[in-house]
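Structure first, commentary second.
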Amino acid sequence: MRKHLLSFLAATALTSIGISAVQAADLPVRAAPPVIAPIPVFTWTGFYVGVNAGYGWNTNNENVFVPGIGFVDSGSNGGFVGG
């Protein structure tokens, strides 16, 4: 009786190990697919030179009152700006 019980337990253990190995074959692969980086169309690397320029003007013929200073003539004002 004892011999039959041990053989039954051994067969059960081997069967469960075999079934778990078969189920493990169905698991997905953990390795990620290779990532292929796209070639950039434009990059922000390299030398850059920028210039800006402008001129502003004002043709107001009214006098402006500035507290502490008094009236200021604001005739035709203008100026250049650049960088």
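By order of appearance in the structure tokens: chains A, B, ..., then residues from 1 within every chain, and ligands from 1 in the order shown.
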Distance query range 46-55 of chain A at most 8 Å, only C-alpha atoms, self and fewer than 5 positions along chain excluded, as a PyMOL selection string: chain A and resi 78-83
Generate the output file for the selected residues, all heavy atoms, as a tab-separated table (two decimals), in the first residue's frame.
chain	number	residue	atom	x	y	z
A	78	GLY	N	10.80	110.20	-32.18
A	78	GLY	CA	11.09	108.98	-32.92
A	78	GLY	C	12.41	108.40	-32.44
A	78	GLY	O	13.19	109.07	-31.78
A	79	GLY	N	12.63	107.17	-32.77
A	79	GLY	CA	13.88	106.55	-32.36
A	79	GLY	C	14.09	105.20	-33.02
A	79	GLY	O	13.15	104.53	-33.45
A	80	PHE	N	15.37	104.85	-33.08
A	80	PHE	CA	15.79	103.58	-33.68
A	80	PHE	C	16.00	102.57	-32.58
A	80	PHE	O	16.50	102.90	-31.50
A	80	PHE	CB	17.08	103.79	-34.48
A	80	PHE	CG	17.68	102.50	-35.00
A	80	PHE	CD1	17.16	101.90	-36.13
A	80	PHE	CD2	18.74	101.91	-34.35
A	80	PHE	CE1	17.71	100.72	-36.60
A	80	PHE	CE2	19.30	100.75	-34.82
A	80	PHE	CZ	18.77	100.14	-35.95
A	81	VAL	N	15.65	101.34	-32.83
A	81	VAL	CA	15.92	100.26	-31.90
A	81	VAL	C	16.49	99.08	-32.68
A	81	VAL	O	16.11	98.82	-33.83
A	81	VAL	CB	14.65	99.85	-31.11
A	81	VAL	CG1	13.59	99.26	-32.02
A	81	VAL	CG2	14.98	98.87	-30.01
A	82	GLY	N	17.45	98.42	-32.09
A	82	GLY	CA	18.04	97.28	-32.79
A	82	GLY	C	18.82	96.40	-31.84
A	82	GLY	O	19.11	96.75	-30.71
A	83	GLY	N	19.14	95.23	-32.31
A	83	GLY	CA	19.89	94.30	-31.47
A	83	GLY	C	20.41	93.14	-32.23
A	83	GLY	O	20.18	92.95	-33.39
Separation of CA of Asn63 in chain A from CA of Asn77 in chain A in Å: 12.5 Å
